[in-house]
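Colleague: Structure file model31.cif (mmCIF, C-alpha atoms) right here:
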data_entry
#
loop_
_atom_site.label_atom_id
_atom_site.label_comp_id
_atom_site.auth_asym_id
_atom_site.auth_seq_id
_atom_site.Cartn_x
_atom_site.Cartn_y
_atom_site.Cartn_z
CA PRO A 1 -3.80 -13.73 -21.78
CA CYS A 2 -6.62 -12.76 -24.12
CA THR A 3 -7.37 -15.24 -26.87
CA ARG A 4 -9.64 -12.96 -28.88
CA GLN A 5 -8.64 -10.08 -31.11
CA VAL A 6 -7.43 -7.03 -29.21
CA ARG A 7 -8.25 -3.72 -30.86
CA SER A 8 -6.52 -0.69 -29.41
CA TYR A 9 -7.38 1.77 -32.22
CA TYR A 10 -10.67 2.76 -33.81
CA VAL A 11 -11.36 0.91 -37.02
CA ASP A 12 -11.06 4.00 -39.23
CA TRP A 13 -11.13 7.79 -39.14
CA ARG A 14 -14.83 7.98 -39.84
CA MET A 15 -15.44 6.06 -36.68
CA LEU A 16 -13.20 8.46 -34.80
CA ARG A 17 -15.16 11.44 -36.09
CA ASP A 18 -18.38 9.75 -35.08
CA VAL A 19 -16.98 9.24 -31.60
CA LYS A 20 -16.09 12.96 -31.34
CA ARG A 21 -19.59 13.92 -32.44
CA ARG A 22 -21.12 11.70 -29.83
CA LYS A 23 -18.97 13.24 -27.09
CA LEU A 24 -19.84 16.79 -28.08
CA ALA A 25 -23.51 15.96 -28.43
CA TYR A 26 -23.45 14.60 -24.89
CA GLU A 27 -21.83 17.77 -23.56
CA TYR A 28 -24.19 20.22 -25.28
CA ALA A 29 -27.35 18.16 -24.93
CA ASP A 30 -28.83 20.19 -22.04
CA GLU A 31 -28.12 23.57 -23.61
CA ARG A 32 -29.59 22.52 -26.93
CA LEU A 33 -32.70 21.24 -25.18
CA ARG A 34 -33.26 24.49 -23.30
CA ILE A 35 -32.65 26.76 -26.27
CA ASN A 36 -34.96 24.68 -28.38
CA ALA A 37 -37.59 24.94 -25.66
CA ILE A 38 -37.41 28.72 -26.05
CA ARG A 39 -37.53 28.49 -29.82
CA LYS A 40 -40.44 26.10 -30.22
CA ASN A 41 -42.80 28.35 -28.26
CA THR A 42 -45.95 30.28 -28.96
CA ILE A 43 -45.97 32.22 -25.71
CA LEU A 44 -42.64 34.01 -25.69
CA PRO A 45 -42.09 36.98 -28.00
CA LYS A 46 -40.66 36.34 -31.42
CA GLU A 47 -37.61 38.51 -30.89
CA LEU A 48 -36.52 36.23 -28.08
CA GLN A 49 -36.97 33.26 -30.31
CA GLU A 50 -34.85 34.79 -33.05
CA VAL A 51 -32.10 35.48 -30.57
CA ALA A 52 -32.32 31.88 -29.47
CA ASP A 53 -32.06 30.77 -33.10
CA LYS A 54 -28.83 32.65 -33.47
CA GLU A 55 -27.47 31.20 -30.27
CA ILE A 56 -28.11 27.65 -31.25
CA ALA A 57 -26.50 28.23 -34.61
CA ASP A 58 -23.39 29.48 -32.80
CA LEU A 59 -22.90 26.19 -31.04
CA PRO A 60 -20.34 23.83 -32.61
CA ARG A 61 -21.66 21.89 -35.52
CA ASP A 62 -20.68 18.49 -34.16
CA SER A 63 -22.78 19.03 -31.06
CA CYS A 64 -26.08 18.30 -32.74
CA PRO A 65 -27.29 14.72 -32.32
CA VAL A 66 -28.51 14.53 -35.86
CA ARG A 67 -24.98 14.14 -37.12
CA ILE A 68 -24.42 10.90 -35.24
CA ARG A 69 -24.49 7.79 -37.40
CA ASN A 70 -24.99 4.40 -35.80
CA ARG A 71 -22.06 2.59 -37.31
CA CYS A 72 -21.08 -1.00 -36.79
CA VAL A 73 -18.87 -1.28 -33.75
CA LEU A 74 -16.44 -3.78 -35.22
CA THR A 75 -16.25 -2.86 -38.91
CA SER A 76 -17.51 0.78 -38.90
CA ARG A 77 -20.05 -0.04 -41.59
CA PRO A 78 -22.60 2.81 -41.78
CA ARG A 79 -25.38 0.73 -43.30
CA GLY A 80 -27.02 -2.56 -42.41
CA VAL A 81 -26.43 -2.05 -38.68
CA LYS A 82 -28.80 -3.64 -36.23
CA ARG A 83 -29.41 -1.33 -33.30
CA ARG A 84 -29.73 -3.95 -30.59
CA TRP A 85 -26.29 -5.41 -31.21
CA ARG A 86 -24.59 -2.40 -32.78
CA LEU A 87 -23.17 -4.77 -35.40
CA SER A 88 -23.39 -4.83 -39.16
CA ARG A 89 -25.31 -7.66 -40.78
CA ILE A 90 -22.18 -9.41 -41.99
CA VAL A 91 -20.48 -9.47 -38.57
CA PHE A 92 -23.74 -10.50 -36.97
CA ARG A 93 -24.09 -13.43 -39.30
CA HIS A 94 -20.48 -14.44 -38.71
CA PHE A 95 -20.86 -14.56 -34.94
CA ALA A 96 -24.27 -16.18 -35.02
CA ASP A 97 -23.00 -19.03 -37.20
CA HIS A 98 -20.10 -19.61 -34.79
CA ALA A 99 -22.59 -19.71 -31.90
CA GLN A 100 -21.12 -16.65 -30.23
CA MET A 101 -24.37 -14.68 -30.07
CA SER A 102 -26.40 -15.60 -27.04
CA GLY A 103 -29.94 -16.64 -27.82
CA ILE A 104 -29.63 -16.41 -31.60
CA GLN A 105 -30.71 -19.34 -33.70
CA ARG A 106 -31.18 -19.91 -37.40
CA ALA A 107 -34.79 -19.28 -38.29
CA MET A 108 -36.76 -22.17 -39.53
CA TRP A 109 -40.53 -22.36 -39.67
CA GLU B 1 27.14 -17.25 61.38
CA LYS B 2 23.84 -17.25 59.58
CA ASP B 3 24.67 -14.00 57.84
CA GLU B 4 27.99 -15.36 56.68
CA SER B 5 26.42 -18.50 55.31
CA THR B 6 23.74 -16.54 53.48
CA ALA B 7 26.33 -14.19 52.09
CA SER B 8 28.46 -17.07 50.86
CA LYS B 9 25.43 -18.76 49.31
CA ASP B 10 24.48 -15.55 47.57
CA SER B 11 27.96 -15.13 46.18
CA THR B 12 28.01 -18.70 44.88
CA THR B 13 24.65 -18.34 43.25
CA GLU B 14 25.79 -15.16 41.61
CA VAL B 15 28.94 -16.76 40.37
CA ALA B 16 27.00 -19.72 39.05
CA SER B 17 24.71 -17.55 36.99
CA LYS B 18 27.69 -15.53 35.69
CA SER B 19 26.24 -12.39 37.16
CA GLN B 20 24.02 -11.68 34.20
CA GLU B 21 20.60 -12.94 35.17
CA SER B 22 20.86 -13.68 38.87
CA THR B 23 17.59 -14.13 40.65
CA ALA B 24 18.32 -11.48 43.27
CA GLU B 25 16.05 -12.05 46.22
CA THR B 26 16.66 -8.85 48.11
CA PRO B 27 16.95 -5.39 46.55
CA LYS B 28 20.41 -5.04 48.04
CA GLN B 29 21.64 -7.91 45.92
CA LYS B 30 20.02 -6.31 42.91
CA LEU B 31 21.90 -3.13 43.69
CA LEU B 32 25.11 -5.10 43.98
CA ASP B 33 24.54 -6.69 40.62
CA ILE B 34 23.74 -3.39 38.96
CA ILE B 35 26.80 -1.73 40.40
CA GLY B 36 28.93 -4.68 39.48
CA ASN B 37 27.64 -4.72 35.88
CA MET B 38 28.06 -1.00 35.49
CA LYS B 39 31.60 -1.05 36.71
CA VAL B 40 32.40 -3.91 34.36
CA GLU B 41 31.15 -1.94 31.35
CA VAL B 42 33.19 1.09 32.33
CA SER B 43 36.33 -0.94 32.71
CA TYR B 44 35.77 -2.79 29.40
CA ARG B 45 36.78 0.01 27.05
CA LYS B 46 39.77 1.03 29.11
CA LYS B 47 40.72 -2.62 29.28
CA LEU B 48 40.73 -2.74 25.48
CA GLN B 49 43.00 0.27 25.32
CA GLN B 50 45.31 -1.22 27.90
CA LEU B 51 45.36 -4.46 25.98
CA LYS B 52 46.24 -2.71 22.74
CA THR B 53 49.08 -0.76 24.31
CA ARG B 54 50.43 -3.85 25.99
CA GLU B 55 50.17 -5.90 22.82
CA ILE B 56 52.03 -3.26 20.82
CA LYS B 57 54.78 -3.12 23.41
CA LYS B 58 55.14 -6.86 23.64
CA GLN B 59 55.01 -7.37 19.89
CA ALA B 60 57.77 -4.83 19.53
CA THR B 61 59.87 -6.60 22.11
CA ASN B 62 59.05 -10.25 21.20
CA LYS B 63 59.14 -10.48 17.44
CA LEU B 64 60.46 -13.99 17.14
CA GLU B 65 58.08 -15.54 19.66
CA GLY B 66 54.89 -17.01 18.35
CA THR B 67 51.45 -16.62 19.99
CA ASP B 68 52.16 -13.13 21.20
CA SER B 69 48.60 -12.40 22.16
CA GLU B 70 48.32 -15.49 24.27
CA SER B 71 51.51 -14.79 26.17
CA SER B 72 50.44 -11.23 26.82
CA MET B 73 47.05 -12.37 28.02
CA LEU B 74 48.63 -14.96 30.29
CA GLN B 75 50.84 -12.30 31.79
CA LYS B 76 47.83 -10.08 32.33
CA THR B 77 45.86 -12.81 34.05
CA THR B 78 48.77 -13.41 36.41
CA GLU B 79 48.84 -9.71 37.13
CA ASP B 80 45.11 -9.62 37.76
CA THR B 81 45.22 -12.44 40.21
CA GLN B 82 47.84 -10.54 42.18
CA ARG B 83 45.35 -7.74 42.95
CA GLY B 84 47.48 -5.28 41.00
CA LYS B 85 46.54 -2.60 38.48
CA PRO B 86 43.43 -3.99 36.77
CA LEU B 87 41.19 -3.52 39.78
CA LYS B 88 40.91 0.23 39.76
CA PRO B 89 41.08 2.24 42.95
CA GLU B 90 37.68 3.66 42.10
CA LEU B 91 36.17 0.22 42.04
CA VAL B 92 37.83 -0.64 45.30
CA GLU B 93 36.50 2.50 46.91
CA ALA B 94 33.01 1.81 45.56
CA ALA B 95 33.18 -1.73 46.88
CA SER B 96 34.21 -0.52 50.27
CA ALA B 97 31.44 2.06 50.33
CA VAL B 98 28.84 -0.54 49.39
CA ALA B 99 30.19 -2.92 52.00
CA SER B 100 30.00 -0.23 54.62
CA SER B 101 26.39 0.55 53.66
CA LEU B 102 25.35 -3.08 54.09
CA PRO B 103 24.64 -4.41 57.59
CA LEU B 104 26.60 -7.63 57.06
CA ASN B 105 30.28 -8.23 57.86
CA LYS B 106 32.04 -5.38 56.12
CA LYS B 107 35.32 -7.10 55.48
CA GLN B 108 33.79 -10.26 54.18
CA THR B 109 31.40 -8.40 51.89
CA GLU B 110 34.23 -6.25 50.63
CA SER B 111 36.36 -9.25 49.83
CA GLU B 112 33.47 -11.00 48.15
CA LEU B 113 32.67 -7.92 46.06
CA LEU B 114 36.26 -7.61 44.94
CA ALA B 115 36.36 -11.28 44.06
CA GLN B 116 33.17 -10.84 42.06
CA LEU B 117 34.63 -7.88 40.20
CA ARG B 118 37.71 -9.87 39.37
CA ARG B 119 35.56 -12.64 37.99
CA HIS B 120 33.74 -10.04 35.88
CA GLU B 121 37.03 -8.88 34.45
CA GLU B 122 38.18 -12.41 33.81
CA ILE B 123 35.01 -13.10 31.91
CA THR B 124 35.44 -9.95 29.86
CA GLU B 125 39.03 -10.88 29.08
CA LYS B 126 37.93 -14.33 28.02
CA GLN B 127 35.34 -12.75 25.79
CA LYS B 128 37.97 -10.47 24.31
CA LYS B 129 40.26 -13.40 23.73
CA GLY B 130 37.42 -15.24 22.18
CA GLY B 131 36.52 -12.11 20.26
CA THR B 132 39.93 -11.80 18.64
CA ILE B 133 40.18 -15.48 17.73
CA ASN B 134 36.58 -16.58 17.29
CA ILE B 135 35.70 -13.92 14.72
CA ARG B 136 37.19 -16.14 12.11
CA ASN B 137 35.15 -19.08 13.35
CA VAL B 138 32.02 -16.99 13.42
CA ILE B 139 32.61 -15.80 9.88
CA SER B 140 33.24 -19.32 8.71
CA GLU B 141 30.08 -20.39 10.51
CA MET B 142 28.18 -17.63 8.83
CA ALA B 143 29.49 -18.66 5.45
CA VAL B 144 28.51 -22.25 6.07
CA LYS B 145 25.04 -21.21 7.11
CA ARG B 146 24.55 -19.09 4.04
CA GLN B 147 25.42 -21.97 1.80
CA SER B 148 23.06 -24.21 3.68
CA SER B 149 20.22 -21.75 3.39
CA ALA B 150 20.85 -21.40 -0.33
CA GLN B 151 20.97 -25.16 -0.60
CA ARG B 152 17.75 -25.42 1.31
CA GLY B 153 16.14 -22.91 -1.00
CA VAL B 154 17.34 -24.93 -3.96
CA LYS B 155 15.99 -28.09 -2.38
CA ILE B 156 12.59 -26.52 -1.84
CA SER B 157 12.51 -25.24 -5.40
CA SER B 158 13.57 -28.64 -6.66
CA ARG B 159 10.83 -30.24 -4.60
CA ILE B 160 8.26 -27.87 -6.06
CA SER B 161 9.47 -28.51 -9.59
CA LEU B 162 9.38 -32.24 -8.96
CA GLU B 163 5.79 -31.97 -7.90
CA LEU B 164 4.93 -30.17 -11.08
CA ASP B 165 6.77 -32.53 -13.38
CA GLU B 166 5.64 -35.78 -11.85
CA ASP B 167 1.96 -35.11 -11.51
CA GLY B 168 0.61 -32.40 -13.73
CA GLN B 169 -2.79 -33.16 -12.31
CA ARG B 170 -1.87 -32.45 -8.69
CA ILE B 171 -3.70 -29.96 -6.58
CA LYS B 172 -1.23 -27.12 -6.85
CA PRO B 173 -0.03 -26.72 -10.46
CA GLU B 174 -2.25 -23.69 -11.02
CA ARG B 175 -1.01 -21.88 -7.95
CA LEU B 176 2.65 -22.22 -8.89
CA SER B 177 2.72 -19.46 -11.47
CA PRO B 178 6.17 -17.93 -11.91
CA GLN B 179 5.28 -15.08 -9.56
CA SER B 180 4.34 -17.25 -6.61
CA PHE B 181 7.26 -19.57 -7.35
CA ASP B 182 9.84 -16.82 -7.00
CA SER B 183 8.08 -15.26 -4.05
CA ARG B 184 8.09 -18.59 -2.25
CA ARG B 185 11.76 -19.08 -2.94
CA TYR B 186 12.56 -15.61 -1.71
CA PHE B 187 10.41 -16.05 1.36
CA SER B 188 12.09 -19.33 2.33
CA PHE B 189 15.52 -17.87 1.68
CA PHE B 190 14.84 -14.77 3.76
CA PHE B 191 13.31 -16.81 6.52
CA LEU B 192 16.39 -19.03 6.79
CA VAL B 193 18.82 -16.12 6.62
CA TYR B 194 16.83 -14.34 9.30
CA ARG B 195 17.01 -17.40 11.53
CA SER B 196 20.76 -17.78 11.00
CA LEU B 197 21.25 -14.13 11.84
CA LYS B 198 19.52 -14.53 15.17
CA VAL B 199 21.57 -17.58 16.15
CA GLY B 200 24.94 -16.99 17.78
CA ARG B 201 26.49 -14.80 20.45
CA ARG B 202 26.56 -11.08 20.44
CA LEU B 203 29.94 -9.82 19.29
CA ASN B 204 29.56 -6.35 20.84
CA ILE B 205 31.12 -4.78 17.79
CA PHE B 206 28.35 -2.31 17.04
CA THR B 207 26.54 -0.04 19.45
CA LYS B 208 22.82 0.42 19.32
CA ALA B 209 22.04 3.36 17.11
CA SER B 210 19.20 5.65 18.13
CA THR B 211 16.37 4.64 15.81
CA GLU B 212 13.87 7.13 17.16
CA THR B 213 15.31 10.15 15.38
CA GLU B 214 15.48 8.17 12.15
CA ASN B 215 11.83 7.23 12.41
CA ALA B 216 10.86 10.83 13.04
CA LEU B 217 12.74 11.94 9.94
CA LYS B 218 11.14 9.23 7.85
CA THR B 219 7.60 10.21 8.82
CA VAL B 220 8.32 13.81 7.84
CA SER B 221 9.78 13.09 4.38
CA SER B 222 7.08 10.81 2.99
CA PRO B 223 6.15 9.41 0.57
CA THR B 224 9.44 8.73 -1.18
CA ILE B 225 9.66 7.09 -4.59
CA TRP B 226 11.06 3.97 -2.99
CA ASP B 227 8.10 3.74 -0.65
CA LEU B 228 5.72 4.04 -3.55
CA GLU B 229 7.54 1.38 -5.52
CA PHE B 230 7.61 -0.88 -2.50
CA ALA B 231 3.89 -0.43 -2.04
CA LYS B 232 3.34 -1.19 -5.73
CA GLU B 233 5.45 -4.33 -5.45
CA ILE B 234 3.47 -5.51 -2.46
CA ALA B 235 0.19 -4.83 -4.24
CA ALA B 236 1.38 -6.68 -7.33
CA ILE B 237 2.47 -9.69 -5.30
CA THR B 238 -0.61 -9.85 -3.11
CA ALA B 239 -3.05 -9.35 -5.96
CA GLN B 240 -2.73 -12.81 -7.48
CA PRO B 241 -4.58 -13.48 -10.76
CA PRO B 242 -7.89 -15.30 -10.32
CA ARG B 243 -7.70 -19.07 -10.39
CA ASN B 244 -11.36 -19.50 -11.25
CA GLY B 245 -14.08 -18.14 -13.41
CA PHE B 246 -15.86 -17.49 -10.11
CA GLU B 247 -12.99 -15.45 -8.71
CA GLU B 248 -12.83 -13.51 -11.96
CA MET B 249 -16.51 -12.67 -11.67
CA ILE B 250 -16.01 -11.62 -8.05
CA GLN B 251 -13.23 -9.28 -9.11
CA TRP B 252 -15.42 -7.83 -11.85
CA THR B 253 -18.31 -7.17 -9.48
CA LYS B 254 -15.94 -5.39 -7.11
CA GLU B 255 -14.66 -3.20 -9.94
CA GLY B 256 -18.17 -2.52 -11.18
CA ILE B 257 -17.93 -4.20 -14.58
CA LEU B 258 -20.44 -6.88 -13.64
CA TRP B 259 -23.83 -6.09 -12.18
CA GLU B 260 -24.89 -7.44 -8.84
CA PHE B 261 -27.47 -10.20 -9.01
CA PRO B 262 -30.42 -10.19 -8.38
CA ILE B 263 -30.56 -7.02 -10.44
CA ASP B 264 -32.15 -3.94 -8.87
CA ASN B 265 -33.19 -1.35 -11.40
CA GLU B 266 -32.16 1.48 -9.10
CA ALA B 267 -28.55 0.37 -8.66
CA GLY B 268 -26.70 3.57 -9.55
CA MET B 269 -29.47 5.98 -8.56
CA GLU B 270 -29.54 7.31 -5.04
CA ASP B 271 -32.50 9.61 -5.11
CA ASP B 272 -33.08 10.55 -1.52
CA ALA B 273 -35.57 13.24 -2.49
CA GLU B 274 -39.22 12.56 -1.87
CA PHE B 275 -42.07 13.02 -4.31
CA HIS B 276 -43.05 16.49 -3.18
CA GLU B 277 -39.62 17.85 -4.09
CA HIS B 278 -40.08 16.54 -7.61
CA ILE B 279 -43.58 17.85 -8.18
CA PHE B 280 -43.92 21.12 -6.29
CA LEU B 281 -41.24 23.19 -7.97
CA GLU B 282 -42.95 26.54 -7.53
CA LYS B 283 -40.44 27.61 -4.91
CA HIS B 284 -37.80 28.09 -7.56
CA ILE B 285 -39.94 30.38 -9.72
CA GLU B 286 -40.43 32.97 -7.02
CA ASP B 287 -37.71 35.20 -8.48
CA PHE B 288 -39.55 35.61 -11.75
CA PRO B 289 -42.13 38.38 -12.37
CA LYS B 290 -45.53 37.05 -11.50
CA GLN B 291 -47.35 38.18 -14.59
CA GLY B 292 -46.32 38.03 -18.18
CA PRO B 293 -45.33 35.57 -20.82
CA ILE B 294 -42.18 34.51 -18.96
CA ARG B 295 -44.14 33.36 -15.99
CA HIS B 296 -46.45 31.45 -18.25
CA PHE B 297 -43.47 29.86 -19.93
CA MET B 298 -41.84 28.88 -16.66
CA GLU B 299 -45.02 27.36 -15.33
CA LEU B 300 -45.10 25.16 -18.41
CA VAL B 301 -41.48 24.23 -17.83
CA ILE B 302 -42.27 23.26 -14.26
CA CYS B 303 -45.24 21.23 -15.33
CA GLY B 304 -43.05 19.27 -17.75
CA LEU B 305 -40.28 18.73 -15.20
CA SER B 306 -42.66 17.49 -12.53
CA LYS B 307 -43.89 14.83 -14.90
CA ASN B 308 -40.34 13.70 -15.75
CA PRO B 309 -39.35 10.60 -13.74
CA TYR B 310 -35.92 10.26 -15.28
CA LEU B 311 -34.28 13.41 -13.96
CA SER B 312 -33.04 13.92 -10.43
CA VAL B 313 -34.10 16.93 -8.38
CA LYS B 314 -30.70 18.52 -8.86
CA GLN B 315 -30.95 18.34 -12.61
CA LYS B 316 -34.41 19.94 -12.56
CA ILE B 317 -33.19 22.77 -10.35
CA GLU B 318 -30.27 23.29 -12.72
CA HIS B 319 -32.67 23.61 -15.66
CA ILE B 320 -34.69 26.29 -13.88
CA GLU B 321 -31.60 28.20 -12.79
CA TRP B 322 -30.29 28.21 -16.33
CA PHE B 323 -33.54 29.77 -17.52
CA GLN B 324 -33.27 32.38 -14.79
CA LYS B 325 -29.80 33.40 -15.92
CA TYR B 326 -30.84 33.45 -19.55
CA PHE B 327 -33.78 35.75 -18.96
CA GLU B 328 -31.76 38.03 -16.72
CA GLU B 329 -29.22 38.45 -19.51
CA LYS B 330 -31.98 39.24 -21.98
CA LYS B 331 -33.76 41.77 -19.72
CA GLU B 332 -32.80 44.69 -21.92
CA LEU B 333 -34.26 43.06 -24.96
CA LEU B 334 -37.43 42.22 -23.10
CA GLN B 335 -37.86 45.81 -21.86
CA GLU B 336 -37.70 47.10 -25.39
CA ILE B 337 -40.59 44.91 -26.29
#
Take the structure in this file and express it as structure tokens.

Modeller:
Amino acid sequence: PCTRQVRSYYVDWRMLRDVKRRKLAYEYADERLRINAIRKNTILPKELQEVADKEIADLPRDSCPVRIRNRCVLTSRPRGVKRRWRLSRIVFRHFADHAQMSGIQRAMW
Amino acid sequence: EKDESTASKDSTTEVASKSQESTAETPKQKLLDIIGNMKVEVSYRKKLQQLKTREIKKQATNKLEGTDSESSMLQKTTEDTQRGKPLKPELVEAASAVASSLPLNKKQTESELLAQLRRHEEITEKQKKGGTINIRNVISEMAVKRQSSAQRGVKISSRISLELDEDGQRIKPERLSPQSFDSRRYFSFFFLVYRSLKVGRRLNIFTKASTETENALKTVSSPTIWDLEFAKEIAAITAQPPRNGFEEMIQWTKEGILWEFPIDNEAGMEDDAEFHEHIFLEKHIEDFPKQGPIRHFMELVICGLSKNPYLSVKQKIEHIEWFQKYFEEKKELLQEI
């Protein structure tokens, strides 16, 4: 039996949307990379590059990695998220005070 | 004289062992035994029929008398001893033929064979008698045994519970989760029932069914839902939850959740390709036109891929192939230019 909180759903819908964007971005990553390689070129003719521009615009909007927001994993807070732990500052402080973050200590100097 | 003595000794030994597992020294005696056993089996069924007919007749005639079966059986035994109907003419002929085939005294062997056959029939009649009466005893015995096995199961369970209650700190409280508890009970119960089933005489009520055809059918129609559920049950019972943090970690490493220590950085990667396959990618560009901006572009692509340590060879080849397809699709456009 698990003594901690068990979460079977995403915290909120914004988190769900973020998850979908991440999945799509993973799927279309290679294609985006290749088409961008054709676009950001001085050697190839410009007509080719324009065609490539149109192609990349045709891809689904959620497939671009720019739309991903690094939210807090537990509270889905979009701001104040530390990248290393994927947690918002409030959750991080909560766990650190309860000594549940390995290697974290209150700073004192 | 010597032959007679040996023959008599053989007959006595056979009688002593009740003709079932006689240590026949010569093959002729083995033959005798086989023939004797075979004839007994043949006569058994017809004996049953005869018995039934006789019982019906005698019950119809003697309604007031008690112990009808016993009286009928007694009458039959008296008849048998008189060398009357029970010994069939076929058997007698077979006995005479066997006696004639043997080199010993024909008459003596014949008489001994007939005596042996009679003993066979007596034994079978005794068994039948016992069969009709002892079924009740056997059933009662079976009932008693079942109760005892259940009692034993209860005793074992009580013993286990006592262990738990008395000393919570004993060695085995963790093992006795409800799953193992029930499984142990069931195992002990089944073991005892199995033992009680094996004990006791054969009643000769059922004939051996041919299991080969059944097995063949089973192998054809597999896997059934019941087989799958059975397999799942077995897996659930055998896969006990971990008693330790160590066992939990072992399970996790097997599943892949936990990394193997000491950590190797190339755990998931299995790049069997050597360096030259990564760097010298010019083989794949051979389809492209040798001069022009496309070639220039692809050479740049190859230069970048060769310097990339993070991709596998397959991924690099996929990149190049994608570019091939893309430029083939855009050939018309390119020719306009």

Colleague: Name every residue that the PyMOL selection byres ((chain A and resi 20-26) around 12) selects in this structure, writing the answer as an MDAnalysis selection string with chains first and numbers rising.

Modeller: chainID A and resid 10 13:19 27:33 59:71

Colleague: Which residues of chain A come within 9 Å of chain B, and for each one, what is the closest pair of atoms and their distance in Å to one decimal, counting all atoms listed in the file, sorted by chain and residue number, as CSV?

Modeller:
residue,atom,partner,partner_atom,distance
A:Asp30,CA,B:His319,CA,8.2
A:Glu31,CA,B:Trp322,CA,8.9
A:Arg34,CA,B:His319,CA,7.7
A:Ala37,CA,B:Val301,CA,8.8
A:Ile38,CA,B:Phe297,CA,8.7
A:Asn41,CA,B:Phe297,CA,8.5
A:Ile43,CA,B:Pro293,CA,6.0
A:Leu44,CA,B:Pro293,CA,5.8
A:Pro45,CA,B:Pro293,CA,8.0
A:Glu47,CA,B:Leu333,CA,8.2
A:Leu48,CA,B:Leu333,CA,7.8

Colleague: Which distance in Å separates CA of Ile104 (chain A) and CA of Glu260 (chain B), to one decimal?

Modeller: 24.9 Å

Colleague: To box region 48-58 of chain A, take all atoms listed in the file, fit an axis-aligned box, add 8 Å on each side, and give centre and edge lengths in Å to one decimal, as lines of an AutoDock Vina configuration file.

Modeller:
center_x = -30.2
center_y = 31.9
center_z = -31.3
size_x = 29.6
size_y = 24.6
size_z = 22.5

Colleague: Find the distance between CA of Ala52 (chain A) and CA of Ile35 (chain A) and write it in Å to one decimal.

Modeller: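 Straight-line distance from CA of Ala52 (chain A) to CA of Ile35 (chain A) works out to 6.0 Å.
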
Colleague: Complete the atoms of region 229-233 of chain B to all heavy atoms and put them out as a PDB file, keeping the file's coordinate frame.

Modeller:
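Writing done, so here's out-v9.pdb:
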ATOM      1  N   GLU B 229       7.232   2.592  -4.747  1.00  0.00           N
ATOM      2  CA  GLU B 229       7.540   1.380  -5.520  1.00  0.00           C
ATOM      3  C   GLU B 229       7.373   0.149  -4.668  1.00  0.00           C
ATOM      4  O   GLU B 229       6.904  -0.887  -5.141  1.00  0.00           O
ATOM      5  CB  GLU B 229       8.983   1.457  -6.040  1.00  0.00           C
ATOM      6  CG  GLU B 229       9.102   2.333  -7.265  1.00  0.00           C
ATOM      7  CD  GLU B 229      10.459   2.162  -7.959  1.00  0.00           C
ATOM      8  OE1 GLU B 229      11.076   1.113  -7.760  1.00  0.00           O
ATOM      9  OE2 GLU B 229      10.867   3.077  -8.662  1.00  0.00           O
ATOM     10  N   PHE B 230       7.776   0.246  -3.411  1.00  0.00           N
ATOM     11  CA  PHE B 230       7.610  -0.880  -2.500  1.00  0.00           C
ATOM     12  C   PHE B 230       6.144  -1.229  -2.348  1.00  0.00           C
ATOM     13  O   PHE B 230       5.759  -2.408  -2.385  1.00  0.00           O
ATOM     14  CB  PHE B 230       8.234  -0.513  -1.159  1.00  0.00           C
ATOM     15  CG  PHE B 230       8.308  -1.645  -0.195  1.00  0.00           C
ATOM     16  CD1 PHE B 230       8.989  -2.804  -0.506  1.00  0.00           C
ATOM     17  CD2 PHE B 230       7.703  -1.557   1.041  1.00  0.00           C
ATOM     18  CE1 PHE B 230       9.066  -3.846   0.385  1.00  0.00           C
ATOM     19  CE2 PHE B 230       7.773  -2.595   1.932  1.00  0.00           C
ATOM     20  CZ  PHE B 230       8.454  -3.734   1.619  1.00  0.00           C
ATOM     21  N   ALA B 231       5.323  -0.185  -2.176  1.00  0.00           N
ATOM     22  CA  ALA B 231       3.890  -0.430  -2.040  1.00  0.00           C
ATOM     23  C   ALA B 231       3.338  -1.067  -3.313  1.00  0.00           C
ATOM     24  O   ALA B 231       2.511  -1.988  -3.254  1.00  0.00           O
ATOM     25  CB  ALA B 231       3.168   0.887  -1.766  1.00  0.00           C
ATOM     26  N   LYS B 232       3.811  -0.599  -4.465  1.00  0.00           N
ATOM     27  CA  LYS B 232       3.340  -1.190  -5.730  1.00  0.00           C
ATOM     28  C   LYS B 232       3.741  -2.638  -5.830  1.00  0.00           C
ATOM     29  O   LYS B 232       2.955  -3.489  -6.279  1.00  0.00           O
ATOM     30  CB  LYS B 232       3.965  -0.422  -6.911  1.00  0.00           C
ATOM     31  CG  LYS B 232       3.271   0.873  -7.242  1.00  0.00           C
ATOM     32  CD  LYS B 232       3.947   1.538  -8.432  1.00  0.00           C
ATOM     33  CE  LYS B 232       3.538   2.973  -8.537  1.00  0.00           C
ATOM     34  NZ  LYS B 232       4.314   3.689  -9.561  1.00  0.00           N
ATOM     35  N   GLU B 233       4.992  -2.928  -5.400  1.00  0.00           N
ATOM     36  CA  GLU B 233       5.450  -4.330  -5.450  1.00  0.00           C
ATOM     37  C   GLU B 233       4.579  -5.210  -4.593  1.00  0.00           C
ATOM     38  O   GLU B 233       4.187  -6.308  -4.986  1.00  0.00           O
ATOM     39  CB  GLU B 233       6.901  -4.408  -4.972  1.00  0.00           C
ATOM     40  CG  GLU B 233       7.923  -4.199  -6.083  1.00  0.00           C
ATOM     41  CD  GLU B 233       9.340  -4.394  -5.542  1.00  0.00           C
ATOM     42  OE1 GLU B 233       9.553  -5.408  -4.851  1.00  0.00           O
ATOM     43  OE2 GLU B 233      10.190  -3.543  -5.815  1.00  0.00           O
TER      44      GLU B 233
END
